[in-house]
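A.B. asks: So I've got this file, entry08.txt, and it contains compact mmCIF, C-alpha atoms:
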# COMPACT_ATOMS: atom_id res chain seq x y z
CA MET A 856 155.33 -16.55 161.63
CA THR A 857 153.37 -13.64 160.18
CA THR A 858 151.59 -14.21 156.89
CA THR A 859 151.50 -11.21 154.59
CA THR A 860 148.67 -10.89 152.10
CA VAL A 861 149.78 -9.35 148.83
CA THR A 862 147.16 -7.47 146.85
CA VAL A 863 147.63 -7.77 143.09
CA THR A 864 146.86 -4.61 141.12
CA SER A 865 147.28 -3.62 137.50
CA ALA A 866 150.65 -2.13 138.47
CA SER A 867 151.93 -5.40 140.01
CA ARG A 868 155.01 -7.04 138.49
CA HIS A 869 155.59 -10.72 139.34
CA HIS A 870 158.77 -12.72 138.72
CA THR A 871 158.20 -15.83 136.62
CA ALA A 872 160.44 -18.35 134.85
CA SER A 873 159.93 -20.45 131.74
CA ALA A 874 161.94 -22.62 129.38
CA VAL A 875 162.45 -23.11 125.67
CA VAL A 876 162.61 -26.92 125.65
CA ILE A 877 164.03 -28.34 122.44
CA ASP A 878 164.59 -31.86 121.17
CA PRO A 879 167.70 -31.20 119.06
CA THR A 880 167.62 -34.67 117.47
CA ARG A 881 164.10 -34.32 116.10
CA GLY A 882 163.97 -30.54 115.61
CA LEU A 883 160.99 -30.00 117.92
CA VAL A 884 160.11 -27.45 120.61
CA LEU A 885 157.74 -28.04 123.54
CA LEU A 886 154.75 -25.69 123.87
CA VAL A 887 151.69 -25.57 126.10
CA ALA A 888 148.23 -24.28 125.21
CA HIS A 889 147.70 -21.82 128.05
CA LYS A 890 144.15 -21.39 129.32
CA LEU A 891 144.40 -17.68 130.14
CA THR A 892 146.32 -16.42 127.11
CA GLY A 893 144.56 -18.69 124.62
CA ARG A 894 147.87 -19.23 122.83
CA HIS A 895 150.65 -21.78 122.66
CA GLN A 896 153.68 -20.65 124.63
CA PHE A 897 156.67 -21.97 126.56
CA PRO A 898 155.88 -23.77 129.83
CA GLY A 899 156.54 -21.64 132.91
CA GLY A 900 155.11 -19.97 135.98
CA HIS A 901 155.70 -17.98 139.15
CA VAL A 902 158.98 -18.31 141.03
CA ASP A 903 158.33 -19.72 144.50
CA PRO A 904 160.02 -18.40 147.68
CA ASP A 905 163.59 -19.71 148.12
CA GLU A 906 163.60 -20.92 144.50
CA THR A 907 166.00 -19.86 141.76
CA GLY A 908 164.82 -19.02 138.28
CA ASP A 909 166.31 -22.15 136.70
CA GLN A 910 164.78 -24.37 139.39
CA CYS A 911 161.41 -22.78 138.76
CA ALA A 912 161.65 -23.20 134.99
CA LEU A 913 162.42 -26.93 135.21
CA ARG A 914 159.74 -27.46 137.87
CA GLU A 915 157.12 -25.72 135.74
CA VAL A 916 158.08 -27.76 132.67
CA ALA A 917 157.59 -30.97 134.68
CA GLU A 918 154.31 -29.80 136.25
CA GLU A 919 152.70 -28.49 133.07
CA THR A 920 153.93 -31.14 130.61
CA GLY A 921 155.27 -34.13 132.55
CA VAL A 922 158.59 -33.76 130.69
CA THR A 923 161.91 -33.88 132.53
CA ALA A 924 164.19 -31.36 130.84
CA THR A 925 167.94 -30.77 131.09
CA LEU A 926 169.02 -27.17 131.45
CA TRP A 927 171.50 -25.82 128.90
CA THR A 928 174.22 -23.66 130.39
CA ALA A 929 176.43 -21.16 128.62
CA PRO A 930 180.20 -21.74 128.81
CA ARG A 931 180.57 -18.58 130.90
CA ASP A 932 178.32 -20.12 133.57
CA ARG A 933 180.57 -23.16 133.98
CA THR A 934 183.54 -21.30 135.44
CA PRO A 935 183.57 -21.83 139.21
CA ILE A 936 183.58 -18.76 141.43
CA PRO A 937 185.40 -19.27 144.77
CA GLY A 938 183.01 -19.02 147.70
CA ALA A 939 179.91 -18.83 145.51
CA VAL A 940 177.35 -21.08 143.86
CA ARG A 941 176.83 -20.22 140.22
CA HIS A 942 173.36 -20.23 138.75
CA PRO A 943 172.62 -20.45 135.03
CA THR A 944 172.08 -17.25 133.10
CA PRO A 945 168.66 -16.95 131.42
CA LEU A 946 168.45 -16.97 127.66
CA MET A 947 166.63 -13.65 128.02
CA VAL A 948 164.64 -11.61 130.52
CA CYS A 949 161.41 -10.06 129.24
CA GLU A 950 158.39 -8.32 130.72
CA PHE A 951 155.01 -9.49 129.44
CA PRO A 952 151.44 -8.39 130.14
CA ALA A 953 149.64 -11.07 132.15
CA PRO A 954 145.90 -11.48 131.57
CA ALA A 955 143.38 -11.26 134.39
CA ASP A 956 142.64 -14.51 136.23
CA PRO A 957 138.93 -14.79 137.10
CA ASP A 958 139.46 -17.97 139.14
CA PRO A 959 137.96 -17.26 142.61
CA ALA A 960 141.09 -18.74 144.18
CA TRP A 961 143.12 -15.89 142.65
CA ASN A 962 140.77 -13.25 141.21
CA GLU A 963 143.71 -11.25 139.87
CA PRO A 964 143.43 -8.27 137.52
CA ALA A 965 145.67 -7.97 134.47
CA HIS A 966 149.22 -7.18 135.57
CA HIS A 967 152.80 -7.88 134.39
CA HIS A 968 155.27 -10.77 134.53
CA ILE A 969 159.03 -10.31 134.48
CA ASP A 970 159.98 -13.63 132.94
CA LEU A 971 163.36 -15.40 133.14
CA LEU A 972 163.48 -17.55 130.01
CA TYR A 973 165.94 -20.47 130.04
CA LEU A 974 167.05 -22.95 127.39
CA ALA A 975 166.66 -26.68 128.01
CA THR A 976 166.66 -29.93 126.05
CA ALA A 977 164.51 -33.05 126.33
CA ASP A 978 163.44 -36.21 124.52
CA ALA A 979 160.24 -35.64 122.55
CA THR A 980 159.32 -39.33 122.78
CA THR A 981 158.59 -38.82 126.49
CA PRO A 982 154.81 -39.00 127.07
CA THR A 983 153.29 -35.66 128.11
CA THR A 984 150.89 -35.20 131.01
CA ILE A 985 149.26 -31.80 131.37
CA GLN A 986 148.31 -29.68 134.38
CA PRO A 987 144.62 -29.29 133.45
CA ASP A 988 143.89 -26.31 135.69
CA GLU A 989 146.44 -24.18 133.78
CA VAL A 990 146.98 -25.68 130.32
CA ASP A 991 144.79 -27.42 127.76
CA ALA A 992 147.56 -29.29 125.96
CA ALA A 993 151.31 -29.91 125.78
CA ILE A 994 152.63 -30.52 122.28
CA TRP A 995 155.93 -30.82 120.43
CA VAL A 996 155.98 -28.47 117.45
CA PRO A 997 158.43 -28.61 114.52
CA LEU A 998 160.98 -25.80 114.65
CA ALA A 999 160.56 -25.51 110.90
CA ASP A 1000 156.96 -24.30 111.30
CA LEU A 1001 156.06 -22.36 114.42
CA THR A 1002 152.98 -20.83 112.80
CA ALA A 1003 150.79 -23.95 112.80
CA PRO A 1004 149.33 -23.48 116.30
CA PRO A 1005 148.39 -19.97 117.48
CA VAL A 1006 151.65 -19.13 119.25
CA ARG A 1007 152.48 -16.14 121.43
CA PRO A 1008 154.52 -13.64 119.34
CA ASP A 1009 157.73 -14.16 121.33
CA VAL A 1010 157.88 -17.92 120.62
CA PRO A 1011 159.43 -17.90 117.11
CA VAL A 1012 162.04 -15.29 118.09
CA ALA A 1013 163.14 -17.08 121.26
CA ALA A 1014 163.11 -20.47 119.51
CA ARG A 1015 165.40 -19.17 116.75
CA LEU A 1016 167.81 -17.75 119.34
CA ALA A 1017 167.82 -21.11 121.16
CA CYS A 1018 168.53 -22.92 117.89
CA ASP A 1019 171.49 -20.63 117.22
CA LEU A 1020 172.99 -21.49 120.62
CA LEU A 1021 172.48 -25.22 119.99
CA GLY A 1022 173.82 -25.00 116.43
CA LEU A 1023 170.51 -26.10 114.89
CA ALA A 1024 169.05 -24.99 111.58
CA HIS A 1025 165.83 -22.98 111.54
CA PRO A 1026 163.82 -20.89 109.06
CA GLY A 1027 165.53 -17.57 108.52
CA LYS A 1028 168.99 -18.85 109.36
CA PRO A 1029 171.42 -18.30 106.47
CA THR A 1030 172.38 -21.52 104.70
CA PRO A 1031 176.13 -22.16 104.94
CA VAL A 1032 177.87 -21.83 101.58
CA ASP A 1033 181.26 -23.01 100.48
CA ASP A 1034 183.99 -20.44 100.83
CA GLU A 1035 184.37 -18.58 97.57
CA PRO A 1036 187.84 -18.80 96.03
CA GLU A 1037 189.99 -15.77 96.54
CA PRO A 1038 190.30 -13.59 93.44
CA GLN A 1039 193.43 -14.13 91.39
CA VAL A 1040 196.12 -11.49 91.84
CA SER A 1041 198.56 -10.74 89.02
CA ALA A 1042 202.31 -11.05 89.48
CA TRP A 1043 202.55 -7.28 88.98
CA GLU A 1044 200.08 -6.66 91.83
CA VAL A 1045 201.99 -9.03 94.15
CA ASP A 1046 205.23 -7.21 93.35
CA ARG A 1047 203.58 -3.85 93.99
CA ARG A 1048 202.24 -4.93 97.37
CA LEU A 1049 205.58 -6.33 98.51
CA ARG A 1050 207.67 -3.42 97.24
CA PRO A 1051 209.27 -1.47 100.15
CA VAL A 1052 207.77 1.97 100.70
CA GLY A 1053 209.81 4.75 99.17
CA ARG A 1054 211.44 2.67 96.43
CA GLY A 1055 210.63 3.03 92.75
Mind converting the file's structure to structure tokens?

C.D. replies:
Amino acid sequence: MTTTTVTVTSASRHHTASAVVIDPTRGLVLLVAHKLTGRHQFPGGHVDPDETGDQCALREVAEETGVTATLWTAPRDRTPIPGAVRHPTPLMVCEFPAPADPDPAWNEPAHHHIDLLYLATADATTPTTIQPDEVDAAIWVPLADLTAPPVRPDVPVAARLACDLLGLAHPGKPTPVDDEPEPQVSAWEVDRRLRPVGRG
């Protein structure tokens, strides 16, 4: 087997996968304090060979936080396709700048990540265990306030979208109001609307 060495340059674009992990019962979202970005973001990482995006996302969640998450799938992904294996559709696909990694094991310059972001759920009472070489902490943050830790700018937007799919409330979501009563229509107006066209 021939091993190919890939040189990472500033023009390199790597495929990664991550997950918005939400505890819908407690209204919390799981974030990691990433060493390289210096911000709290969704757990995730590079897609390994022979690995699908959803498999990568769940693996990275477990490795970086110790949490076992359950992937959420859209109804359209549950329809079987004859002769094929269906894989979950990401919540979104985004390209992000990736900071340089000075670690001698990698020594990578700044480049780009094409990230497959999935939606998953988990129990926030599960103890977290971090992957210390990549993250400084793994915390559950209230969906009602995603500004407390220094989060990456995409976190509030993606978390709100995930809440909408799960039917959860979040800041910025319109509060449901009772249906307003229909305006009263006079008997004359009803007669006018029902009158056959062309008759006086």

A.B. asks: Rank A:Leu913, A:Val876, A:Leu972, A:Ala1024 by their smallest atom-to-atom distance to Leu946 (chain A), using only C-alpha atoms, and report the top residue only.

C.D. replies: A:Leu972

A.B. asks: Suppose you want the space between CA of Leu891 (chain A) and CA of Gly908 (chain A); what is it in Å?

C.D. replies: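 About the pair CA of Leu891 (chain A) and CA of Gly908 (chain A): they are 22.0 Å apart.
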
A.B. asks: Give me the residues near Ala1003 (chain A) as a list of chain:residue names, where near means some atom within 12 Å (using all atoms listed in the file) and where sequence neighbours in that chain fewer than 6 positions away do not count.

C.D. replies: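 Listing them by chain and then by number gives A:Leu886, A:Arg894, A:His895, A:Ile994, A:Trp995, A:Val996, A:Pro997, A:Pro1011.
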
A.B. asks: Work out how far apart CA of Pro930 (chain A) and CA of Ala977 (chain A) are and give it in Å to one decimal.

C.D. replies: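 Computed distance, CA of Pro930 (chain A) to CA of Ala977 (chain A), equals 19.5 Å.
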
A.B. asks: Tell me which protein, DNA and RNA residues are within 10 Å of Ala872 (chain A), counting only C-alpha atoms, leaving out same-chain ones fewer than 2 positions away, and put them as a VMD selection string.

C.D. replies: chain A and resid 870 874 897 to 903 907 to 916 945 948 968 to 973
